[in-house]
>>> print(open('upload-v3.cif').read())   # mmCIF, C-alpha atoms
data_model
loop_
_atom_site.label_atom_id
_atom_site.label_comp_id
_atom_site.auth_asym_id
_atom_site.auth_seq_id
_atom_site.Cartn_x
_atom_site.Cartn_y
_atom_site.Cartn_z
CA MET A 1 123.88 17.97 23.31
CA PHE A 2 122.87 14.31 22.94
CA CYS A 3 122.52 11.78 25.72
CA THR A 4 125.43 9.32 25.63
CA LYS A 5 123.13 6.57 26.77
CA CYS A 6 119.97 6.82 24.65
CA GLY A 7 121.04 9.37 22.06
CA THR A 8 118.14 11.78 22.81
CA GLN A 9 118.90 15.39 22.03
CA VAL A 10 118.93 17.41 25.23
CA PRO A 11 118.54 21.20 25.44
CA ASP A 12 121.63 23.14 26.39
CA GLY A 13 122.20 23.63 30.10
CA MET A 14 120.43 20.38 31.15
CA HIS A 15 122.38 18.08 33.52
CA PHE A 16 120.15 15.03 33.16
CA CYS A 17 118.64 13.34 30.06
CA THR A 18 114.98 14.14 29.63
CA ASN A 19 114.39 10.65 28.26
CA CYS A 20 116.39 8.19 30.39
CA GLY A 21 117.57 10.42 33.28
CA LYS A 22 121.28 9.77 32.80
CA GLN A 23 123.58 12.44 34.17
CA LEU A 24 125.08 14.37 31.39
CA VAL A 25 128.85 15.12 31.19
CA PHE A 26 129.78 18.18 29.20
CA PRO A 27 133.25 17.66 27.60
CA GLU A 28 135.51 20.54 27.20
CA MET A 29 135.59 22.00 23.75
CA PRO A 30 139.12 22.01 22.19
CA PRO A 31 140.52 25.39 21.38
CA ASP A 32 140.53 24.70 17.65
CA GLY A 33 136.71 24.37 17.63
CA SER A 34 136.60 20.69 16.57
CA ILE A 35 133.96 18.29 17.95
CA PRO A 36 135.30 15.88 20.60
CA MET A 37 135.33 12.21 19.69
CA ASN A 38 132.93 11.19 22.42
CA LEU A 39 130.44 13.76 21.12
CA GLN A 40 130.82 12.44 17.55
CA LYS A 41 130.08 8.96 18.73
CA SER A 42 127.03 10.04 20.58
CA THR A 43 125.89 11.90 17.52
CA ALA A 44 126.45 8.84 15.37
CA THR A 45 124.41 6.75 17.73
CA GLN A 46 121.19 8.54 16.98
CA VAL A 47 118.05 6.42 16.74
CA GLN A 48 117.80 4.93 13.27
CA PRO A 49 114.36 4.34 11.71
CA GLN A 50 113.16 0.75 11.92
CA PRO A 51 112.39 -0.98 8.60
CA MET A 52 108.61 -1.61 7.83
CA PRO A 53 107.56 -5.24 8.25
CA GLN A 54 106.92 -6.99 4.96
CA PRO A 55 103.47 -8.62 4.46
CA VAL A 56 103.51 -12.37 4.72
CA PRO A 57 102.26 -13.87 1.43
CA GLN A 58 99.07 -15.92 1.88
CA PRO A 59 98.86 -19.32 0.27
CA ALA A 60 96.67 -19.38 -2.87
CA GLN A 61 93.13 -20.67 -2.27
CA PRO A 62 92.13 -23.58 -4.45
CA LYS A 63 89.35 -22.76 -6.99
CA LYS A 64 85.91 -24.06 -6.21
CA GLN A 65 84.75 -26.60 -8.71
CA LEU A 66 81.09 -27.26 -9.73
CA PRO A 67 79.71 -30.31 -7.95
CA PHE A 68 79.62 -33.33 -10.21
CA PHE A 69 75.86 -33.92 -9.82
CA LEU A 70 75.00 -30.37 -11.13
CA ILE A 71 76.83 -30.82 -14.46
CA PRO A 72 73.95 -32.78 -16.15
CA VAL A 73 71.44 -30.13 -14.96
CA VAL A 74 73.47 -27.30 -16.50
CA VAL A 75 73.83 -29.24 -19.76
CA VAL A 76 70.05 -29.86 -19.94
CA LEU A 77 69.31 -26.15 -19.31
CA LEU A 78 71.72 -25.09 -22.05
CA ILE A 79 70.10 -27.53 -24.51
CA ALA A 80 66.61 -26.25 -23.60
CA ILE A 81 67.65 -22.61 -24.11
CA ILE A 82 69.21 -23.40 -27.49
CA ALA A 83 66.10 -25.35 -28.58
CA ALA A 84 63.81 -22.48 -27.51
CA LEU A 85 65.85 -19.95 -29.49
CA ALA A 86 65.86 -22.17 -32.55
CA ALA A 87 62.09 -22.69 -32.34
CA TYR A 88 61.47 -18.94 -31.99
CA ILE A 89 63.60 -18.19 -35.07
CA ILE A 90 61.87 -20.91 -37.11
CA LEU A 91 58.35 -19.87 -36.05
CA ASN A 92 58.93 -16.14 -36.55
CA PRO A 93 60.94 -15.79 -39.78
CA LYS A 94 59.00 -12.69 -40.92
CA ASP A 95 59.67 -10.85 -37.69
CA THR A 96 63.40 -11.63 -37.97
CA ALA A 97 63.53 -10.46 -41.57
CA ALA A 98 61.60 -7.33 -40.67
CA ASP A 99 63.98 -6.65 -37.79
CA ASP A 100 66.98 -7.11 -40.11
CA ALA A 101 65.47 -4.79 -42.71
CA ALA A 102 64.67 -2.20 -40.05
CA GLN A 103 68.19 -2.49 -38.69
CA ASP A 104 69.69 -2.08 -42.19
CA ALA A 105 67.47 0.93 -42.81
CA SER A 106 68.47 2.50 -39.51
CA VAL A 107 72.16 1.90 -40.21
CA SER A 108 71.94 3.32 -43.74
CA SER A 109 70.00 6.37 -42.48
CA VAL A 110 72.76 7.29 -40.02
CA GLN A 111 75.48 9.22 -41.84
CA PRO A 112 78.89 9.58 -40.12
CA ASP A 113 80.11 13.10 -39.42
CA ASN A 114 83.53 12.42 -40.92
CA LYS A 115 83.31 10.85 -44.37
CA PRO A 116 86.33 9.17 -45.88
CA GLU A 117 88.09 11.22 -48.49
CA ASP A 118 87.20 8.76 -51.23
CA MET A 119 83.50 9.26 -50.51
CA ASP A 120 83.55 13.02 -51.10
CA ASN A 121 83.58 12.58 -54.86
CA ALA A 122 80.98 9.80 -54.92
CA ALA A 123 77.92 10.57 -57.02
CA GLU A 124 74.86 11.33 -54.90
CA PRO A 125 71.84 9.14 -55.71
CA GLU A 126 69.09 10.90 -57.58
CA PRO A 127 65.87 11.31 -55.58
CA GLU A 128 63.06 9.03 -56.55
CA PRO A 129 60.22 10.77 -58.41
CA VAL A 130 57.28 11.52 -56.15
CA ALA A 131 53.86 10.96 -57.64
CA PRO A 132 51.72 14.09 -57.47
CA GLU A 133 48.95 13.97 -54.98
CA PRO A 134 45.53 13.61 -56.59
CA VAL A 135 43.59 16.82 -56.63
CA GLN A 136 40.53 16.49 -54.52
CA PRO A 137 37.45 18.05 -56.10
CA ALA A 138 36.10 21.03 -54.28
CA PRO A 139 33.25 20.05 -52.00
CA ALA A 140 29.90 20.89 -53.37
CA ALA A 141 28.06 23.64 -51.67
CA SER A 142 26.27 22.14 -48.74
CA ILE A 143 22.55 22.22 -49.12
CA PRO A 144 20.87 22.95 -45.82
CA ALA A 145 18.45 20.30 -44.72
CA ALA A 146 14.86 21.21 -45.08
CA VAL A 147 13.52 22.49 -41.82
CA PRO A 148 10.10 21.03 -41.15
CA ALA A 149 7.46 23.63 -40.81
CA PRO A 150 6.37 24.03 -37.22
CA GLU A 151 3.06 22.49 -36.48
CA PRO A 152 0.39 25.05 -35.85
CA GLU A 153 -0.23 25.49 -32.21
CA THR A 154 -3.62 24.35 -31.01
CA PRO A 155 -5.41 27.43 -29.75
CA VAL A 156 -6.51 27.33 -26.17
CA TYR A 157 -10.21 28.03 -25.79
CA PRO A 158 -11.98 28.84 -22.55
CA ALA A 159 -14.18 26.26 -20.88
CA VAL A 160 -17.87 26.45 -21.75
CA THR A 161 -20.49 27.84 -19.39
CA MET A 162 -24.25 27.92 -19.71
CA ALA A 163 -23.93 31.67 -20.31
CA ASP A 164 -22.22 30.80 -23.63
CA ILE A 165 -25.48 29.37 -25.07
CA ALA A 166 -26.79 31.82 -27.70
CA ASP A 167 -29.60 29.72 -29.18
CA VAL A 168 -31.32 26.34 -28.84
CA PHE A 169 -33.33 24.60 -31.53
CA ALA A 170 -34.66 21.10 -32.21
CA SER A 171 -35.64 18.96 -35.15
CA SER A 172 -39.22 18.89 -33.77
CA SER A 173 -41.17 19.94 -30.67
CA LEU A 174 -44.47 18.64 -29.23
CA SER A 175 -47.36 21.10 -29.07
CA GLU A 176 -50.39 20.09 -26.97
CA TYR A 177 -53.35 21.87 -25.49
CA ASP A 178 -52.26 25.48 -24.98
CA MET A 179 -48.49 24.91 -24.62
CA VAL A 180 -45.41 23.94 -26.69
CA HIS A 181 -42.52 21.92 -25.23
CA THR A 182 -39.81 24.11 -26.83
CA PRO A 183 -36.07 23.19 -26.85
CA TRP A 184 -35.28 26.14 -24.51
CA ARG A 185 -37.05 24.21 -21.75
CA ALA A 186 -34.13 21.74 -21.79
CA VAL A 187 -31.67 24.47 -20.69
CA ASP A 188 -33.80 26.56 -18.27
CA ASN A 189 -32.39 24.83 -15.18
CA ASP A 190 -35.90 23.63 -14.23
CA ALA A 191 -36.54 19.87 -14.02
CA ALA A 192 -40.34 20.42 -14.06
CA THR A 193 -40.15 21.64 -17.66
CA ALA A 194 -38.81 19.64 -20.61
CA TRP A 195 -38.16 19.47 -24.35
CA VAL A 196 -40.42 16.85 -25.96
CA GLU A 197 -39.82 15.79 -29.54
CA GLY A 198 -42.82 16.07 -31.86
CA ALA A 199 -42.32 13.13 -34.23
CA ASP A 200 -45.11 10.59 -34.75
CA SER A 201 -42.99 7.66 -33.52
CA TYR A 202 -40.75 7.26 -30.48
CA GLY A 203 -38.40 10.05 -31.66
CA VAL A 204 -35.35 7.99 -32.74
CA GLY A 205 -33.29 10.30 -35.00
CA GLU A 206 -34.69 13.52 -33.51
CA SER A 207 -32.11 16.02 -32.23
CA LEU A 208 -31.53 18.97 -29.90
CA SER A 209 -28.86 21.55 -30.91
CA LEU A 210 -27.08 24.27 -28.89
CA THR A 211 -25.44 27.27 -30.59
CA LEU A 212 -22.70 29.04 -28.58
CA ASN A 213 -21.52 32.64 -28.62
CA ASP A 214 -17.94 31.65 -29.57
CA THR A 215 -15.64 28.67 -29.88
CA VAL A 216 -15.19 27.13 -26.46
CA THR A 217 -13.84 23.91 -24.99
CA VAL A 218 -16.54 21.37 -24.10
CA ASN A 219 -15.37 18.47 -21.93
CA GLY A 220 -18.71 16.71 -21.44
CA PHE A 221 -22.34 17.10 -20.50
CA THR A 222 -24.92 16.32 -17.80
CA ILE A 223 -28.43 15.15 -18.77
CA MET A 224 -31.75 14.48 -17.02
CA ALA A 225 -33.31 12.02 -19.49
CA GLY A 226 -37.09 11.61 -19.29
CA TYR A 227 -39.79 13.77 -17.73
CA HIS A 228 -38.54 14.57 -14.21
CA LYS A 229 -41.59 16.59 -13.15
CA SER A 230 -42.96 13.50 -11.44
CA ARG A 231 -42.40 9.77 -11.24
CA ASP A 232 -45.75 9.18 -12.96
CA LEU A 233 -44.84 11.35 -15.97
CA TYR A 234 -41.36 9.77 -16.04
CA ASN A 235 -42.87 6.30 -16.45
CA LYS A 236 -45.61 7.34 -18.91
CA ASN A 237 -43.22 9.05 -21.40
CA SER A 238 -40.27 7.58 -23.29
CA ARG A 239 -36.61 8.33 -22.27
CA PRO A 240 -33.42 8.47 -24.40
CA ALA A 241 -31.42 5.24 -24.04
CA ALA A 242 -28.49 6.26 -26.34
CA LEU A 243 -27.26 9.58 -27.75
CA THR A 244 -24.68 10.76 -30.30
CA VAL A 245 -22.95 14.11 -29.56
CA THR A 246 -21.57 15.95 -32.62
CA ALA A 247 -19.33 19.07 -32.71
CA ALA A 248 -19.23 21.76 -35.40
CA ASP A 249 -16.26 20.11 -37.16
CA GLY A 250 -18.11 16.77 -37.42
CA THR A 251 -16.34 15.11 -34.49
CA SER A 252 -18.82 12.87 -32.71
CA GLU A 253 -19.02 10.44 -29.82
CA SER A 254 -21.86 8.13 -28.66
CA PHE A 255 -23.03 7.36 -25.12
CA GLN A 256 -25.34 4.76 -23.50
CA LEU A 257 -27.72 6.11 -20.81
CA ASP A 258 -29.24 4.34 -17.82
CA ASP A 259 -32.99 4.31 -17.25
CA VAL A 260 -32.90 6.22 -13.95
CA MET A 261 -34.79 9.29 -12.74
CA SER A 262 -31.62 11.23 -11.88
CA ALA A 263 -28.92 13.31 -13.55
CA GLN A 264 -26.21 11.42 -15.48
CA THR A 265 -22.79 12.95 -16.34
CA PHE A 266 -20.62 11.92 -19.30
CA GLN A 267 -17.12 13.11 -20.25
CA PHE A 268 -15.77 13.12 -23.79
CA SER A 269 -12.73 10.97 -24.57
CA LYS A 270 -11.16 14.16 -26.00
CA PRO A 271 -12.33 17.74 -25.35
CA MET A 272 -14.27 19.34 -28.22
CA GLN A 273 -13.37 22.87 -29.39
CA THR A 274 -16.62 24.02 -30.96
CA ASP A 275 -19.21 26.76 -31.20
CA HIS A 276 -22.08 24.32 -31.93
CA ILE A 277 -23.05 20.99 -30.41
CA LYS A 278 -25.84 18.58 -31.36
CA PHE A 279 -27.50 15.72 -29.42
CA THR A 280 -29.20 13.03 -31.56
CA ILE A 281 -31.44 10.28 -30.09
CA LEU A 282 -30.20 6.81 -31.12
CA ASP A 283 -32.39 4.60 -28.91
CA ILE A 284 -35.12 4.97 -26.28
CA TYR A 285 -36.64 3.41 -23.21
CA PRO A 286 -40.41 3.29 -24.15
CA GLY A 287 -42.96 4.85 -21.82
CA ASN A 288 -45.94 2.85 -20.55
CA LYS A 289 -48.45 5.30 -22.06
CA TYR A 290 -46.90 7.79 -24.53
CA THR A 291 -44.41 7.39 -27.37
CA ASP A 292 -43.05 10.92 -26.88
CA THR A 293 -39.34 11.03 -25.84
CA VAL A 294 -38.46 13.69 -23.28
CA ILE A 295 -35.29 15.47 -22.04
CA SER A 296 -35.90 17.58 -18.95
CA GLU A 297 -32.44 19.24 -18.62
CA ILE A 298 -29.10 19.20 -20.39
CA SER A 299 -25.96 21.22 -19.52
CA LEU A 300 -22.37 21.49 -20.80
CA PHE A 301 -19.08 21.67 -18.91
#
>>> encode(input="upload-v3.cif", output="structure tokens")
Amino acid sequence: MFCTKCGTQVPDGMHFCTNCGKQLVFPEMPPDGSIPMNLQKSTATQVQPQPMPQPVPQPAQPKKQLPFFLIPVVVVLLIAIIAALAAYIILNPKDTAADDAAQDASVSSVQPDNKPEDMDNAAEPEPEPVAPEPVQPAPAASIPAAVPAPEPETPVYPAVTMADIADVFASSSLSEYDMVHTPWRAVDNDAATAWVEGADSYGVGESLSLTLNDTVTVNGFTIMAGYHKSRDLYNKNSRPAALTVTAADGTSESFQLDDVMSAQTFQFSKPMQTDHIKFTILDIYPGNKYTDTVISEISLF
């Protein structure tokens, strides 16, 4: 059934329209089964779909034009760009030619996958002859550099002690009365005894030599120059004023002594490795009575 007022379809058995509330009248169905006229009308008056509204065309917007005062600026910029490009091409002709050559080479190196039929029978270019690489001569056998011979190591010798003295001798010794002033008296560790040279003059050039048991290292010496038994004997006899010390290999060094009644110690500028050492008188302090030159004690270290 359809409502005769609004045309809404109503379920069977309803007495009022579910849309507008109108009371429904159910016509009697004719015996031949045809639809009554009032029902056909109500069916024909169903709600028809409303047409979609058409969009209203908008008026075309006028195109924006470049302001008149900007036209000269644009023209100047275009001229500057063109001038810069022209200057670059003129100033760099080699680069342009190199770029063109590189581009041509790259284009010619790329072969298309599908060749035209007329290119299949084209003669392939013959490869250019390649010059053989020069044969490098075999390197000569390397000659090892001469290895310098290692310098002989300097042997290390023990330091000297007075126990290393094996013998003492002198160029001359004074003999008087019933005694001899032997060279051993210069190494007896007694200041009251002394070696006195026996030359006729003051003893310049006379020497005292020490022979050692073995080669040892001598760093220097201590000397009591003059007769240290007493001050009177010290002043009466002459004293060494300068000495030269000579090793077994000929190495020598000279020293100047003070005129003092006390021990004086001297160190060599370089240690001497030797088994023999010699003390030679170069100069003297003259005594007030005797010309004899005296050394009371001498020791090595």
>>> resolve_selection(input="upload-v3.cif", expression="the PyMOL selection byres ((chain A and resi 170-180) around 10)", output="PyMOL selection string")
chain A and resi 168-169+181-185+194-200+203+205-210+278-280+292-294
>>> atom_distance(input="upload-v3.cif", atom1="CA of Glu253 in chain A", atom2="CA of Gln267 in chain A")
10.1 Å
>>> resolve_selection(input="upload-v3.cif", expression="the PyMOL selection byres ((chain A and resi 191) around 10)", output="JSON, numbers by chain")
{"A": [185, 186, 187, 188, 189, 190, 192, 193, 194, 224, 226, 227, 228, 229, 230, 295, 296, 297, 298]}
>>> axis_aligned_box(input="upload-v3.cif", around="range 182-201 of chain A", padding_each_side="6 Å", output="JSON")
{"center_x": -38.4, "center_y": 17.1, "center_z": -24.4, "size_x": 25.4, "size_y": 30.9, "size_z": 32.7}
>>> atom_distance(input="upload-v3.cif", atom1="CA of Thr4 in chain A", atom2="CA of Leu24 in chain A")
7.7 Å
>>> atom_distance(input="upload-v3.cif", atom1="CA of Val216 in chain A", atom2="CA of Met272 in chain A")
8.0 Å
>>> residues_around(input="upload-v3.cif", residues="Ala242 in chain A", least_positions_apart="5", cutoff="6 Å", atoms="all atoms listed in the file", output="ChimeraX atom specification")
/A:255-257,282-283
>>> resolve_selection(input="upload-v3.cif", expression="the PyMOL selection byres ((chain A and resi 19) around 12)", output="PyMOL selection string")
chain A and resi 2-11+14+16-18+20-24
>>> closest_residue(input="upload-v3.cif", among="A:Asn235, A:Asn288, A:Ser254, A:Gln273", to="Asp214 in chain A", atoms="all atoms listed in the file")
A:Gln273
>>> residues_near_point(input="upload-v3.cif", point="(-44.2, 9.7, -20.5)", cutoff="7 Å", atoms="all atoms listed in the file", output="ChimeraX atom specification")
/A:227,233-238,287,289-290,292
>>> closest_residue(input="upload-v3.cif", among="A:Met261, A:Ala149, A:Leu212, A:Ile90", to="Asp232 in chain A", atoms="all atoms listed in the file")
A:Met261
>>> decode(input="upload-v3.cif", residues="range 214-226 of chain A", atoms="all heavy atoms", output="PDB file, in the first residue's frame")
ATOM      1  N   ASP A 214     148.675  -5.666  35.848  1.00  0.00           N
ATOM      2  CA  ASP A 214     147.855  -5.901  34.650  1.00  0.00           C
ATOM      3  C   ASP A 214     147.345  -4.555  34.152  1.00  0.00           C
ATOM      4  O   ASP A 214     147.576  -3.516  34.787  1.00  0.00           O
ATOM      5  CB  ASP A 214     146.682  -6.837  34.986  1.00  0.00           C
ATOM      6  CG  ASP A 214     146.116  -7.519  33.752  1.00  0.00           C
ATOM      7  OD1 ASP A 214     146.540  -7.164  32.631  1.00  0.00           O
ATOM      8  OD2 ASP A 214     145.255  -8.410  33.907  1.00  0.00           O
ATOM      9  N   THR A 215     146.679  -4.606  33.010  1.00  0.00           N
ATOM     10  CA  THR A 215     146.091  -3.368  32.479  1.00  0.00           C
ATOM     11  C   THR A 215     144.899  -2.980  33.334  1.00  0.00           C
ATOM     12  O   THR A 215     143.974  -3.780  33.552  1.00  0.00           O
ATOM     13  CB  THR A 215     145.636  -3.558  31.021  1.00  0.00           C
ATOM     14  OG1 THR A 215     146.776  -3.919  30.225  1.00  0.00           O
ATOM     15  CG2 THR A 215     145.028  -2.271  30.473  1.00  0.00           C
ATOM     16  N   VAL A 216     144.929  -1.763  33.803  1.00  0.00           N
ATOM     17  CA  VAL A 216     143.871  -1.238  34.664  1.00  0.00           C
ATOM     18  C   VAL A 216     143.478   0.152  34.166  1.00  0.00           C
ATOM     19  O   VAL A 216     144.130   0.735  33.302  1.00  0.00           O
ATOM     20  CB  VAL A 216     144.330  -1.174  36.140  1.00  0.00           C
ATOM     21  CG1 VAL A 216     144.541  -2.569  36.715  1.00  0.00           C
ATOM     22  CG2 VAL A 216     145.598  -0.338  36.261  1.00  0.00           C
ATOM     23  N   THR A 217     142.401   0.663  34.729  1.00  0.00           N
ATOM     24  CA  THR A 217     141.944   2.012  34.397  1.00  0.00           C
ATOM     25  C   THR A 217     142.441   2.973  35.461  1.00  0.00           C
ATOM     26  O   THR A 217     142.133   2.807  36.654  1.00  0.00           O
ATOM     27  CB  THR A 217     140.407   2.063  34.313  1.00  0.00           C
ATOM     28  OG1 THR A 217     139.971   1.159  33.299  1.00  0.00           O
ATOM     29  CG2 THR A 217     139.926   3.468  33.983  1.00  0.00           C
ATOM     30  N   VAL A 218     143.207   3.983  35.033  1.00  0.00           N
ATOM     31  CA  VAL A 218     143.737   4.999  35.940  1.00  0.00           C
ATOM     32  C   VAL A 218     143.030   6.309  35.622  1.00  0.00           C
ATOM     33  O   VAL A 218     143.107   6.820  34.501  1.00  0.00           O
ATOM     34  CB  VAL A 218     145.261   5.152  35.784  1.00  0.00           C
ATOM     35  CG1 VAL A 218     145.787   6.158  36.801  1.00  0.00           C
ATOM     36  CG2 VAL A 218     145.959   3.804  35.949  1.00  0.00           C
ATOM     37  N   ASN A 219     142.339   6.866  36.602  1.00  0.00           N
ATOM     38  CA  ASN A 219     141.583   8.106  36.405  1.00  0.00           C
ATOM     39  C   ASN A 219     142.361   9.344  36.841  1.00  0.00           C
ATOM     40  O   ASN A 219     142.042  10.443  36.406  1.00  0.00           O
ATOM     41  CB  ASN A 219     140.268   8.040  37.190  1.00  0.00           C
ATOM     42  CG  ASN A 219     139.326   6.984  36.641  1.00  0.00           C
ATOM     43  OD1 ASN A 219     138.774   7.141  35.572  1.00  0.00           O
ATOM     44  ND2 ASN A 219     139.159   5.890  37.388  1.00  0.00           N
ATOM     45  N   GLY A 220     143.380   9.180  37.680  1.00  0.00           N
ATOM     46  CA  GLY A 220     144.134  10.337  38.138  1.00  0.00           C
ATOM     47  C   GLY A 220     145.137   9.920  39.210  1.00  0.00           C
ATOM     48  O   GLY A 220     145.412   8.732  39.413  1.00  0.00           O
ATOM     49  N   PHE A 221     145.668  10.904  39.894  1.00  0.00           N
ATOM     50  CA  PHE A 221     146.680  10.611  40.917  1.00  0.00           C
ATOM     51  C   PHE A 221     146.633  11.684  42.001  1.00  0.00           C
ATOM     52  O   PHE A 221     146.117  12.799  41.810  1.00  0.00           O
ATOM     53  CB  PHE A 221     148.087  10.557  40.290  1.00  0.00           C
ATOM     54  CG  PHE A 221     148.561  11.866  39.732  1.00  0.00           C
ATOM     55  CD1 PHE A 221     149.394  12.693  40.480  1.00  0.00           C
ATOM     56  CD2 PHE A 221     148.191  12.282  38.452  1.00  0.00           C
ATOM     57  CE1 PHE A 221     149.839  13.906  39.970  1.00  0.00           C
ATOM     58  CE2 PHE A 221     148.635  13.485  37.937  1.00  0.00           C
ATOM     59  CZ  PHE A 221     149.463  14.310  38.689  1.00  0.00           C
ATOM     60  N   THR A 222     147.215  11.312  43.170  1.00  0.00           N
ATOM     61  CA  THR A 222     147.393  12.237  44.287  1.00  0.00           C
ATOM     62  C   THR A 222     148.883  12.273  44.628  1.00  0.00           C
ATOM     63  O   THR A 222     149.533  11.218  44.698  1.00  0.00           O
ATOM     64  CB  THR A 222     146.583  11.781  45.506  1.00  0.00           C
ATOM     65  OG1 THR A 222     145.197  11.762  45.160  1.00  0.00           O
ATOM     66  CG2 THR A 222     146.796  12.725  46.693  1.00  0.00           C
ATOM     67  N   ILE A 223     149.427  13.474  44.844  1.00  0.00           N
ATOM     68  CA  ILE A 223     150.871  13.625  45.067  1.00  0.00           C
ATOM     69  C   ILE A 223     151.132  14.544  46.256  1.00  0.00           C
ATOM     70  O   ILE A 223     150.393  15.517  46.493  1.00  0.00           O
ATOM     71  CB  ILE A 223     151.567  14.184  43.797  1.00  0.00           C
ATOM     72  CG1 ILE A 223     153.087  14.208  43.983  1.00  0.00           C
ATOM     73  CG2 ILE A 223     151.025  15.544  43.440  1.00  0.00           C
ATOM     74  CD1 ILE A 223     153.850  14.536  42.710  1.00  0.00           C
ATOM     75  N   MET A 224     152.177  14.181  47.019  1.00  0.00           N
ATOM     76  CA  MET A 224     152.713  15.049  48.074  1.00  0.00           C
ATOM     77  C   MET A 224     154.091  15.491  47.598  1.00  0.00           C
ATOM     78  O   MET A 224     155.092  14.783  47.767  1.00  0.00           O
ATOM     79  CB  MET A 224     152.796  14.298  49.410  1.00  0.00           C
ATOM     80  CG  MET A 224     151.424  13.857  49.917  1.00  0.00           C
ATOM     81  SD  MET A 224     151.497  12.909  51.453  1.00  0.00           S
ATOM     82  CE  MET A 224     151.906  14.202  52.610  1.00  0.00           C
ATOM     83  N   ALA A 225     154.133  16.629  46.910  1.00  0.00           N
ATOM     84  CA  ALA A 225     155.369  17.136  46.302  1.00  0.00           C
ATOM     85  C   ALA A 225     156.227  17.817  47.370  1.00  0.00           C
ATOM     86  O   ALA A 225     155.742  18.601  48.196  1.00  0.00           O
ATOM     87  CB  ALA A 225     155.029  18.106  45.175  1.00  0.00           C
ATOM     88  N   GLY A 226     157.533  17.502  47.353  1.00  0.00           N
ATOM     89  CA  GLY A 226     158.434  18.059  48.354  1.00  0.00           C
ATOM     90  C   GLY A 226     158.653  17.074  49.500  1.00  0.00           C
ATOM     91  O   GLY A 226     158.051  16.004  49.561  1.00  0.00           O
TER      92      GLY A 226
END
